[in-house]
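run31.cif (mmCIF, C-alpha atoms (C1' of nucleotides)) appears below.
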```
data_run
loop_
_atom_site.label_atom_id
_atom_site.label_comp_id
_atom_site.auth_asym_id
_atom_site.auth_seq_id
_atom_site.Cartn_x
_atom_site.Cartn_y
_atom_site.Cartn_z
CA MET A 340 40.15 99.75 -19.69
CA GLY A 341 40.84 97.08 -17.07
CA GLU A 342 39.68 96.98 -13.46
CA ARG A 343 39.36 100.19 -11.49
CA ARG A 344 40.32 100.74 -7.87
CA ARG A 345 38.22 103.17 -5.87
CA GLY A 346 38.05 105.12 -2.62
CA ALA A 347 40.26 104.04 0.26
CA VAL A 348 41.86 101.16 -1.63
CA LEU A 349 42.96 103.48 -4.37
CA GLU A 350 44.15 106.09 -1.91
CA GLN A 351 46.39 103.64 -0.08
CA ALA A 352 47.80 102.45 -3.38
CA LEU A 353 48.52 106.03 -4.37
CA LEU A 354 50.34 106.75 -1.13
CA ASP A 355 52.31 103.53 -1.38
CA ALA A 356 53.35 104.37 -4.91
CA SER A 357 54.26 107.85 -3.77
CA TRP A 358 56.49 106.54 -1.00
CA GLN A 359 58.18 104.10 -3.32
CA GLU A 360 58.81 106.85 -5.79
CA LEU A 361 60.44 108.95 -3.08
CA GLU A 362 62.63 106.06 -1.98
CA GLU A 363 63.82 105.16 -5.44
CA GLY A 364 63.89 108.42 -7.27
CA GLY A 365 64.28 110.91 -4.44
CA TYR A 366 62.63 114.25 -4.22
CA ALA A 367 64.24 115.38 -7.45
CA ARG A 368 62.26 112.85 -9.45
CA PHE A 369 59.21 113.02 -7.24
CA THR A 370 56.86 114.44 -9.83
CA MET A 371 53.11 114.11 -10.04
CA ASP A 372 53.60 112.39 -13.36
CA ALA A 373 55.99 109.83 -11.94
CA VAL A 374 53.76 109.02 -8.98
CA ALA A 375 50.70 108.70 -11.15
CA ALA A 376 52.51 106.48 -13.61
CA ARG A 377 53.86 104.23 -10.88
CA ALA A 378 50.39 103.92 -9.39
CA GLY A 379 49.05 103.06 -12.82
CA THR A 380 46.80 106.07 -13.07
CA SER A 381 46.94 109.70 -14.13
CA ARG A 382 47.57 113.06 -12.57
CA PRO A 383 43.97 114.24 -12.15
CA VAL A 384 43.36 111.35 -9.76
CA LEU A 385 46.09 112.77 -7.55
CA TYR A 386 44.88 116.33 -7.79
CA ARG A 387 41.38 115.27 -6.77
CA ARG A 388 42.83 114.26 -3.39
CA TRP A 389 45.78 116.57 -2.79
CA SER A 390 45.86 120.10 -4.05
CA ASP A 391 49.61 120.24 -4.33
CA ARG A 392 52.79 118.32 -4.69
CA SER A 393 53.82 119.36 -1.19
CA GLU A 394 50.49 118.18 0.21
CA LEU A 395 50.94 114.83 -1.41
CA LEU A 396 54.41 114.69 0.06
CA ARG A 397 53.19 115.43 3.57
CA ALA A 398 50.42 112.87 3.28
CA THR A 399 52.93 110.33 2.03
CA ILE A 400 55.22 110.81 5.01
CA VAL A 401 52.40 110.60 7.51
CA HIS A 402 51.18 107.48 5.75
CA ALA A 403 54.58 105.84 5.91
CA LEU A 404 55.03 106.78 9.57
CA GLN A 405 51.72 105.22 10.49
CA ARG A 406 52.62 101.99 8.77
CA ASN A 407 55.88 101.82 10.63
CA ARG A 408 55.70 102.47 14.37
CA VAL A 409 58.43 101.84 16.88
CA ARG A 410 57.26 99.25 19.36
CA ALA A 411 58.12 99.56 23.03
CA PRO A 412 61.17 97.42 23.90
CA GLU A 413 60.56 94.24 25.89
CA ASP A 414 62.37 93.67 29.16
CA THR A 415 65.37 91.45 28.46
CA GLY A 416 66.54 91.41 32.07
CA SER A 417 69.61 93.60 31.60
CA LEU A 418 70.45 97.13 30.57
CA ARG A 419 72.75 95.90 27.85
CA GLY A 420 70.08 93.61 26.46
CA ASP A 421 67.43 96.31 26.57
CA LEU A 422 69.62 98.87 24.87
CA LEU A 423 70.67 96.43 22.19
CA ALA A 424 67.07 95.48 21.51
CA LEU A 425 65.96 99.09 21.36
CA MET A 426 68.79 100.15 19.09
CA SER A 427 68.27 97.21 16.76
CA GLU A 428 64.61 98.03 16.55
CA ILE A 429 65.25 101.67 15.76
CA SER A 430 67.97 100.79 13.33
CA ARG A 431 65.75 98.40 11.44
CA THR A 432 62.59 100.45 11.36
CA ARG A 433 64.02 103.92 11.05
CA ALA A 434 66.87 103.52 8.61
CA GLU A 435 64.69 104.28 5.65
CA PHE A 436 63.20 107.32 7.37
CA VAL A 437 66.55 108.77 8.23
CA THR A 438 67.61 108.35 4.65
CA MET A 439 64.42 109.91 3.45
CA MET A 440 64.63 112.88 5.75
CA SER A 441 68.28 113.63 5.43
CA VAL A 442 68.92 112.84 1.82
CA HIS A 443 65.75 112.94 -0.18
CA LEU A 444 63.75 115.58 1.61
CA ALA A 445 66.46 118.15 2.10
CA GLY A 446 65.39 119.67 -1.19
CA TYR A 447 61.85 119.87 -0.01
CA PHE A 448 62.70 121.61 3.22
CA GLU A 449 64.87 123.98 1.33
CA GLU A 450 62.22 124.78 -1.21
CA THR A 451 59.45 125.34 1.26
CA GLY A 452 61.55 126.87 4.00
CA THR A 453 60.13 124.26 6.34
CA ASP A 454 62.11 123.27 9.39
CA PRO A 455 63.40 119.70 9.18
CA THR A 456 63.46 119.46 12.97
CA ALA A 457 59.68 119.58 12.98
CA LEU A 458 59.51 116.28 11.17
CA ARG A 459 62.59 114.92 12.88
CA GLU A 460 60.80 115.36 16.16
CA VAL A 461 57.92 113.29 14.91
CA ILE A 462 60.36 110.54 14.05
CA GLY A 463 62.40 110.67 17.19
CA HIS A 464 59.39 111.27 19.37
CA ASP A 465 59.08 107.83 20.94
CA GLN A 466 62.78 107.18 21.34
CA PRO A 467 63.60 109.41 24.31
CA HIS A 468 60.61 107.94 26.04
CA ALA A 469 61.62 104.38 25.26
CA LEU A 470 65.18 105.14 26.34
CA ASP A 471 63.95 106.54 29.64
CA VAL A 472 61.90 103.44 30.25
CA VAL A 473 65.00 101.33 29.70
CA TYR A 474 67.06 103.50 32.05
CA GLU A 475 64.45 103.38 34.78
CA ARG A 476 64.27 99.62 34.55
CA ALA A 477 68.05 99.45 34.90
CA ALA A 478 67.95 101.82 37.88
CA ALA A 479 65.32 99.63 39.52
CA ARG A 480 67.59 96.64 39.02
CA GLY A 481 70.38 98.54 40.68
CA GLU A 482 72.50 98.56 37.52
CA LEU A 483 72.57 102.32 37.22
CA ASP A 484 72.72 105.53 39.20
CA LEU A 485 70.51 107.82 37.18
CA SER A 486 71.29 110.94 39.17
CA ARG A 487 74.93 110.90 38.08
CA LEU A 488 74.17 110.95 34.36
CA SER A 489 73.94 114.07 32.27
CA ALA A 490 71.39 114.42 29.49
CA ARG A 491 74.14 114.25 26.92
CA VAL A 492 75.49 110.99 28.21
CA LYS A 493 72.03 109.47 28.51
CA ALA A 494 71.25 110.43 24.92
CA LEU A 495 74.44 108.82 23.69
CA PRO A 496 73.01 105.47 22.49
CA PHE A 497 70.52 107.27 20.36
CA THR A 498 73.00 109.90 19.27
CA LEU A 499 75.60 107.43 18.07
CA LEU A 500 73.02 105.29 16.36
CA GLN A 501 71.65 108.32 14.60
CA LEU A 502 75.05 109.31 13.29
CA GLU A 503 75.75 105.77 12.16
CA LEU A 504 72.48 105.77 10.26
CA LEU A 505 73.14 109.18 8.80
CA THR A 506 76.54 108.31 7.47
CA THR A 507 75.87 104.80 6.23
CA LEU A 508 72.16 105.19 5.38
CA LYS A 509 71.76 101.50 6.04
CA THR A 510 70.59 99.30 8.83
CA VAL A 511 73.39 99.12 11.36
CA PRO A 512 74.78 95.60 11.88
CA VAL A 513 74.27 94.17 15.36
CA ALA A 514 78.03 93.79 15.73
CA ALA A 515 78.45 97.53 15.30
CA LEU A 516 75.71 98.19 17.84
CA GLU A 517 77.44 95.88 20.30
CA GLU A 518 80.73 97.63 19.76
CA ILE A 519 79.09 100.98 20.40
CA LEU A 520 77.52 99.66 23.56
CA ASP A 521 80.53 97.81 24.92
CA THR A 522 83.28 100.28 24.14
CA ILE A 523 81.44 103.56 24.52
CA VAL A 524 78.01 103.62 26.05
CA LEU A 525 78.21 101.11 28.88
CA PRO A 526 81.62 102.20 30.16
CA LEU A 527 80.34 105.77 30.37
CA LEU A 528 77.13 104.81 32.11
CA GLY A 529 79.21 103.40 34.93
CA THR A 530 78.10 99.80 34.57
CA ASP A 531 81.66 98.57 34.60
CA MET B 358 77.78 150.38 -19.40
CA GLY B 359 79.92 150.72 -16.25
CA GLU B 360 83.28 149.16 -15.53
CA ARG B 361 83.99 145.64 -16.66
CA ARG B 362 85.81 142.95 -14.70
CA ARG B 363 87.90 140.48 -16.66
CA GLY B 364 89.82 137.23 -16.44
CA ALA B 365 90.79 135.92 -13.02
CA VAL B 366 89.23 138.81 -11.11
CA LEU B 367 85.90 138.18 -12.74
CA GLU B 368 86.19 134.46 -12.24
CA GLN B 369 86.76 134.79 -8.50
CA ALA B 370 83.82 137.16 -8.26
CA LEU B 371 81.65 134.67 -10.10
CA LEU B 372 82.63 131.84 -7.79
CA ASP B 373 82.10 134.01 -4.73
CA ALA B 374 78.67 134.99 -5.94
CA SER B 375 77.94 131.36 -6.69
CA TRP B 376 78.89 130.30 -3.17
CA GLN B 377 76.81 133.03 -1.62
CA GLU B 378 73.87 132.02 -3.71
CA LEU B 379 74.22 128.44 -2.49
CA GLU B 380 74.44 129.54 1.11
CA GLU B 381 71.45 131.82 1.00
CA GLY B 382 69.15 130.20 -1.49
CA GLY B 383 70.28 126.60 -1.37
CA TYR B 384 70.53 124.28 -4.29
CA ALA B 385 66.87 124.72 -5.11
CA ARG B 386 67.41 128.35 -6.03
CA PHE B 387 70.88 127.81 -7.38
CA THR B 388 70.10 128.72 -10.99
CA MET B 389 72.43 130.12 -13.58
CA ASP B 390 70.20 133.16 -13.72
CA ALA B 391 70.42 133.75 -9.99
CA VAL B 392 74.19 133.39 -9.90
CA ALA B 393 74.66 135.66 -12.90
CA ALA B 394 72.33 138.26 -11.44
CA ARG B 395 74.09 138.19 -8.08
CA ALA B 396 77.44 138.57 -9.79
CA GLY B 397 76.04 141.48 -11.76
CA THR B 398 76.48 139.84 -15.12
CA SER B 399 74.63 137.48 -17.44
CA ARG B 400 74.45 133.79 -18.16
CA PRO B 401 76.73 133.60 -21.20
CA VAL B 402 79.60 134.78 -19.02
CA LEU B 403 79.07 131.70 -16.87
CA TYR B 404 78.69 129.32 -19.77
CA ARG B 405 81.94 130.57 -21.27
CA ARG B 406 83.70 129.15 -18.21
CA TRP B 407 81.63 126.19 -17.10
CA SER B 408 79.70 124.05 -19.49
CA ASP B 409 77.09 123.07 -16.99
CA ARG B 410 75.32 123.94 -13.81
CA SER B 411 76.89 120.95 -12.11
CA GLU B 412 80.34 122.01 -13.28
CA LEU B 413 79.82 125.43 -11.85
CA LEU B 414 78.71 123.79 -8.63
CA ARG B 415 81.80 121.64 -8.40
CA ALA B 416 84.07 124.57 -9.14
CA THR B 417 82.28 126.60 -6.49
CA ILE B 418 82.82 123.97 -3.82
CA VAL B 419 86.48 123.55 -4.67
CA HIS B 420 86.85 127.31 -4.62
CA ALA B 421 85.27 127.60 -1.19
CA LEU B 422 87.39 124.75 0.15
CA GLN B 423 90.57 126.39 -1.02
CA ARG B 424 89.68 129.65 0.65
CA ASN B 425 89.05 127.85 3.89
CA ARG B 426 91.69 125.34 4.94
CA VAL B 427 91.94 123.68 8.30
CA ARG B 428 95.20 124.70 9.91
CA ALA B 429 97.21 122.16 11.84
CA PRO B 430 96.56 122.49 15.58
CA GLU B 431 99.28 124.03 17.71
CA ASP B 432 100.70 122.16 20.65
CA THR B 433 98.96 123.39 23.78
CA GLY B 434 100.86 121.09 26.10
CA SER B 435 97.99 118.76 26.93
CA LEU B 436 95.70 116.34 25.15
CA ARG B 437 92.63 118.14 26.41
CA GLY B 438 93.94 121.47 25.19
CA ASP B 439 94.91 120.09 21.82
CA LEU B 440 91.56 118.40 21.29
CA LEU B 441 89.66 121.47 22.34
CA ALA B 442 91.69 123.63 19.98
CA LEU B 443 91.23 121.23 17.10
CA MET B 444 87.51 120.85 17.65
CA SER B 445 87.00 124.58 17.97
CA GLU B 446 88.90 125.12 14.78
CA ILE B 447 86.89 122.55 12.89
CA SER B 448 83.66 123.79 14.37
CA ARG B 449 84.38 127.34 13.33
CA THR B 450 85.71 126.71 9.86
CA ARG B 451 83.60 123.74 8.85
CA ALA B 452 80.15 124.59 10.12
CA GLU B 453 79.15 126.21 6.86
CA PHE B 454 80.48 123.29 4.85
CA VAL B 455 78.60 120.73 6.84
CA THR B 456 75.43 122.73 6.36
CA MET B 457 76.14 123.03 2.69
CA MET B 458 76.86 119.37 2.18
CA SER B 459 74.09 117.94 4.26
CA VAL B 460 71.29 120.37 3.65
CA HIS B 461 71.82 122.24 0.45
CA LEU B 462 73.64 119.73 -1.68
CA ALA B 463 71.57 116.68 -0.93
CA GLY B 464 69.46 117.58 -3.93
CA TYR B 465 72.51 117.77 -6.10
CA PHE B 466 73.81 114.37 -5.07
CA GLU B 467 70.39 112.94 -5.63
CA GLU B 468 70.03 114.46 -9.06
CA THR B 469 73.42 113.42 -10.31
CA GLY B 470 73.62 110.12 -8.48
CA THR B 471 76.94 111.29 -7.09
CA ASP B 472 78.17 109.86 -3.84
CA PRO B 473 78.26 112.46 -1.06
CA THR B 474 81.10 110.58 0.62
CA ALA B 475 83.36 111.51 -2.26
CA LEU B 476 83.09 115.17 -1.35
CA ARG B 477 82.88 114.46 2.35
CA GLU B 478 86.25 112.84 2.12
CA VAL B 479 87.70 115.95 0.58
CA ILE B 480 86.36 117.93 3.48
CA GLY B 481 87.32 115.59 6.25
CA HIS B 482 90.61 114.73 4.67
CA ASP B 483 92.88 116.64 7.02
CA GLN B 484 90.97 115.83 10.19
CA PRO B 485 91.97 112.22 10.79
CA HIS B 486 95.51 113.26 10.18
CA ALA B 487 95.26 116.19 12.58
CA LEU B 488 93.62 113.96 15.14
CA ASP B 489 96.38 111.40 14.83
CA VAL B 490 98.99 114.08 15.33
CA VAL B 491 97.25 115.12 18.51
CA TYR B 492 97.04 111.54 19.75
CA GLU B 493 100.68 110.86 19.03
CA ARG B 494 101.70 113.97 20.91
CA ALA B 495 99.66 112.80 23.87
CA ALA B 496 101.20 109.34 23.70
CA ALA B 497 104.66 110.88 23.65
CA ARG B 498 103.75 112.85 26.78
CA GLY B 499 102.64 109.61 28.41
CA GLU B 500 99.03 110.76 28.65
CA LEU B 501 97.68 107.99 26.50
CA ASP B 502 98.10 104.34 25.62
CA LEU B 503 97.37 104.31 21.90
CA SER B 504 97.43 100.55 21.53
CA ARG B 505 94.37 100.14 23.75
CA LEU B 506 92.13 102.38 21.67
CA SER B 507 89.83 101.17 18.92
CA ALA B 508 89.32 103.18 15.76
CA ARG B 509 85.78 103.96 16.80
CA VAL B 510 86.83 105.40 20.13
CA LYS B 511 89.63 107.40 18.58
CA ALA B 512 87.26 108.89 16.05
CA LEU B 513 84.82 109.92 18.75
CA PRO B 514 85.82 113.60 19.12
CA PHE B 515 85.31 114.12 15.43
CA THR B 516 82.20 111.94 15.33
CA LEU B 517 80.43 113.78 18.12
CA LEU B 518 81.40 117.14 16.75
CA GLN B 519 80.11 116.16 13.37
CA LEU B 520 76.75 115.15 14.75
CA GLU B 521 76.51 118.31 16.77
CA LEU B 522 77.17 120.31 13.63
CA LEU B 523 74.71 118.28 11.63
CA THR B 524 71.87 118.73 14.05
CA THR B 525 72.42 122.35 14.98
CA LEU B 526 74.00 123.56 11.75
CA LYS B 527 75.79 126.20 13.77
CA THR B 528 79.19 126.69 15.29
CA VAL B 529 79.31 124.61 18.45
CA PRO B 530 79.85 126.68 21.63
CA VAL B 531 83.09 126.00 23.46
CA ALA B 532 81.13 125.01 26.55
CA ALA B 533 79.48 122.21 24.59
CA LEU B 534 82.85 121.08 23.26
CA GLU B 535 84.22 121.01 26.79
CA GLU B 536 81.27 118.99 27.98
CA ILE B 537 81.78 116.50 25.17
CA LEU B 538 85.45 116.23 26.06
CA ASP B 539 85.09 116.03 29.82
CA THR B 540 82.11 113.75 30.11
CA ILE B 541 82.56 111.51 27.11
CA VAL B 542 85.82 111.59 25.19
CA LEU B 543 88.46 111.94 27.88
CA PRO B 544 86.96 109.38 30.26
CA LEU B 545 86.88 106.86 27.42
CA LEU B 546 90.41 107.57 26.32
CA GLY B 547 91.57 106.49 29.76
CA THR B 548 93.03 109.82 30.82
CA ASP B 549 91.17 109.70 34.13
"C1'" DC C 377 18.32 97.86 -14.66
"C1'" DT C 378 19.35 102.74 -14.33
"C1'" DC C 379 21.61 106.63 -12.49
"C1'" DC C 380 25.41 108.77 -10.61
"C1'" DT C 381 29.88 109.19 -8.95
"C1'" DA C 382 34.48 109.07 -9.73
"C1'" DA C 383 38.51 106.69 -12.43
"C1'" DG C 384 41.39 107.17 -16.06
"C1'" DA C 385 42.97 109.17 -20.58
"C1'" DT C 386 44.17 113.09 -23.29
"C1'" DA C 387 45.13 117.57 -24.36
"C1'" DC C 388 45.92 122.31 -23.15
"C1'" DG C 389 48.05 126.66 -21.45
"C1'" DT C 390 51.63 128.35 -18.37
"C1'" DC C 391 55.81 128.94 -16.06
"C1'" DT C 392 60.59 128.30 -15.07
"C1'" DG C 393 65.02 127.26 -16.16
"C1'" DT C 394 68.30 125.54 -19.57
"C1'" DG C 395 71.80 126.26 -22.95
"C1'" DT C 396 72.66 129.05 -27.37
"C1'" DT C 397 72.97 132.80 -30.57
"C1'" DT C 398 73.65 137.39 -31.91
"C1'" DC C 399 75.11 141.84 -31.27
"C1'" DT C 400 77.19 145.97 -29.05
"C1'" DT C 401 80.83 147.94 -26.51
"C1'" DA C 402 84.55 148.22 -22.98
"C1'" DT C 403 89.25 146.93 -22.09
"C1'" DT C 404 93.58 144.86 -22.97
"C1'" DT C 405 97.47 144.05 -25.99
"C1'" DG C 406 100.78 144.99 -29.44
"C1'" DC D 424 96.32 154.33 -31.72
"C1'" DA D 425 94.51 150.02 -33.87
"C1'" DA D 426 93.07 145.39 -33.52
"C1'" DA D 427 91.84 141.54 -31.03
"C1'" DT D 428 89.40 139.82 -27.20
"C1'" DA D 429 86.01 139.04 -24.12
"C1'" DA D 430 82.03 141.29 -21.17
"C1'" DG D 431 77.40 142.08 -20.96
"C1'" DA D 432 72.53 142.51 -22.83
"C1'" DA D 433 68.70 140.61 -25.21
"C1'" DA D 434 66.27 137.23 -27.53
"C1'" DC D 435 65.56 132.46 -28.92
"C1'" DA D 436 64.09 127.51 -29.05
"C1'" DC D 437 63.54 123.74 -26.06
"C1'" DA D 438 62.30 120.69 -22.27
"C1'" DG D 439 60.07 119.37 -18.11
"C1'" DA D 440 56.68 119.80 -14.87
"C1'" DC D 441 52.67 122.12 -13.08
"C1'" DG D 442 47.83 122.48 -12.57
"C1'" DT D 443 43.27 122.37 -15.24
"C1'" DA D 444 39.49 121.19 -18.29
"C1'" DT D 445 37.06 117.84 -21.04
"C1'" DC D 446 35.45 113.56 -22.11
"C1'" DT D 447 34.74 108.30 -21.72
"C1'" DT D 448 33.50 104.63 -19.27
"C1'" DA D 449 33.72 101.37 -15.12
"C1'" DG D 450 31.57 100.12 -10.96
"C1'" DG D 451 28.63 101.02 -6.96
"C1'" DA D 452 23.97 102.67 -5.13
"C1'" DG D 453 19.20 102.97 -5.50
#
```
Hey, can you dump this file as structure tokens for me?
Amino acid sequence: MGERRRGAVLEQALLDASWQELEEGGYARFTMDAVAARAGTSRPVLYRRWSDRSELLRATIVHALQRNRVRAPEDTGSLRGDLLALMSEISRTRAEFVTMMSVHLAGYFEETGTDPTALREVIGHDQPHALDVVYERAAARGELDLSRLSARVKALPFTLLQLELLTTLKTVPVAALEEILDTIVLPLLGTD
Amino acid sequence: MGERRRGAVLEQALLDASWQELEEGGYARFTMDAVAARAGTSRPVLYRRWSDRSELLRATIVHALQRNRVRAPEDTGSLRGDLLALMSEISRTRAEFVTMMSVHLAGYFEETGTDPTALREVIGHDQPHALDVVYERAAARGELDLSRLSARVKALPFTLLQLELLTTLKTVPVAALEEILDTIVLPLLGTD
DNA sequence: CTCCTAAGATACGTCTGTGTTTCTTATTTG
DNA sequence: CAAATAAGAAACACAGACGTATCTTAGGAG
């Protein structure tokens, strides 16, 4: 009837619709019908591009990840500032992914027997790196003695943030991040 | 044909089979058919007791919880000992529940729009209490100054254990618990 | 302007699981 | 031992979603 989208434009629209559908309806209501309807088209258009529901799902996740990269944290001049910036960034950009992975996609992993850690690694991939950068900066400033810290302690900012995200499924307020830093992380890092 | 179970005996067997089915197949394969087959009976027997799949699910969870209560921790004479005992206990008895709730039942919560926290509270219900008991004992011994501790810090042993369970989905080795205690929890509690 | 590709609509067959009905037969109860 | 009760088997209609096949028509390529 009306106008018709084609090629890449259409494909992006399909993937966007697919992601939205996942966010709102979850995996349970993630049907080819629903995605097609939301995108204002019909199932065959989807099947021409992805052979399967699970292929569409994978493509959708990759698509969303590409649209939403974690940027490297800027140097704020202090360990506390760097950590706060990094955690805020992760909290803001990754909250929806954590929700997606833990809540919505559990059914998918279960169904396919896929390992969730595989995708979790993709998500968390840049964080350890970014964290290390922050720690090395702090060590260079003389704020930190890296050799005295165990892996578990070093991972703590990310660990606690992750749990906060997992349990609340929302962006963590800066005040909560500061509390985590000031009462837990920084005292343990020996910056006191 | 063969022998027939009846009444309460049958009902327990049904719920056991139901729980097993959830553990092995997850919510995705948690069908009335599958449960009936595993219990060696047929669907009408299930429907005579529970009107719904979701009712059967709820009953199954309650059943499993009742079979598996967290015992109050015994006094070991020290805060470290008490915490280690409590965490081991929780780790051992709750690992399967955490897996169930986070991995298998996500689909259920999604489908029904139920809040996972409702059931999580049932599970975690005794823990804060048990933790408080442990802290009060320690305060009575003079090991601890309770007034200086924030809620977040006090919850840390349980928080970290929970995350460990969530990410590994297995019973946490005692060595890991000791590391958590010695390098994170106890230093922060001011027992150093 | 014409041809060709692919979008979008519709309809189809299939499969899986639900919840129900009917019937036979084992077991408990009085 | 007789009667009531409930277990277990089989079949049913129904709904939702899958994946496909067919047809039309819009929009880009030559």
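Comparing A:Ala352, A:Arg345, A:Leu502, A:Leu527 by their smallest distance to DG451 (chain D), the closest is A:Arg345 (using all atoms listed in the file).
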With all atoms listed in the file counted and 9 Å as the cut-off, give the residues of chain B in contact with chain A, each with its shortest interatomic distance in Å and the pair that gives it, as CSV.
```
residue,atom,partner,partner_atom,distance
B:Gly382,CA,A:Glu449,CA,8.1
B:Gly383,CA,A:Glu449,CA,6.6
B:Tyr384,CA,A:Gly446,CA,7.6
B:Ala385,CA,A:Glu450,CA,6.1
B:Arg386,CA,A:Glu450,CA,7.9
B:Ser459,CA,A:Ser441,CA,7.3
B:Val460,CA,A:Ala445,CA,5.5
B:His461,CA,A:Ala445,CA,6.9
B:Leu462,CA,A:Gly446,CA,8.3
B:Ala463,CA,A:Val442,CA,5.4
B:Gly464,CA,A:Gly446,CA,5.3
B:Tyr465,CA,A:Ala367,CA,8.7
B:Phe466,CA,A:Val442,CA,8.6
B:Glu467,CA,A:Gly365,CA,6.5
B:Glu468,CA,A:Ala367,CA,6.1
B:Thr474,CA,A:Thr506,CA,8.5
B:Ser507,CA,A:Thr522,CA,8.4
B:Arg509,CA,A:Ile519,CA,8.2
B:Val510,CA,A:Ile523,CA,7.2
B:Thr516,CA,A:Leu502,CA,7.9
B:Leu517,CA,A:Leu499,CA,8.0
B:Gln519,CA,A:Leu502,CA,8.5
B:Leu520,CA,A:Leu502,CA,6.3
B:Thr524,CA,A:Thr456,CA,8.5
B:Glu536,CA,A:Arg491,CA,8.6
B:Ile537,CA,A:Arg491,CA,8.2
B:Thr540,CA,A:Val492,CA,7.4
B:Ile541,CA,A:Leu527,CA,7.0
B:Pro544,CA,A:Leu527,CA,7.5
B:Leu545,CA,A:Ile523,CA,7.0
```
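For the pair CA of Leu425 (chain A) and CA of Ala478 (chain A), the interatomic distance is 16.9 Å.
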Please report as a tab-separated table every residue of chain D lying within 10 Å of chain B, along with the nearest atom pair and their distance in Å (one decimal), using only C-alpha atoms (C1' of nucleotides).
```
residue	atom	partner	partner_atom	distance
D:DA429	C1'	B:Arg363	CA	7.8
D:DA430	C1'	B:Arg361	CA	6.6
D:DG431	C1'	B:Thr398	CA	6.3
D:DA432	C1'	B:Ser399	CA	7.7
```
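Those residues returned by the PyMOL selection byres ((chain C and resi 398) around 12) for this file are Pro401 of chain B; DT396, DT397, DC399 and DT400 of chain C; DA432, DA433, DA434 and DC435 of chain D.
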Using only C-alpha atoms (C1' of nucleotides), find the one residue out of B:Met458, B:Val491, B:Leu422, B:Met389 that sits nearest to chain C.
-> B:Met389
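Contacts from chain C to chain B at a cut-off of 8 Å (only C-alpha atoms (C1' of nucleotides)) map to DG393, DA402 and DT403 of chain C.
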If you apply the PyMOL selection byres ((chain C and resi 380) around 9) to this file, what residues do you get, as number ranges by chain?
-> C: 379, 381; D: 452
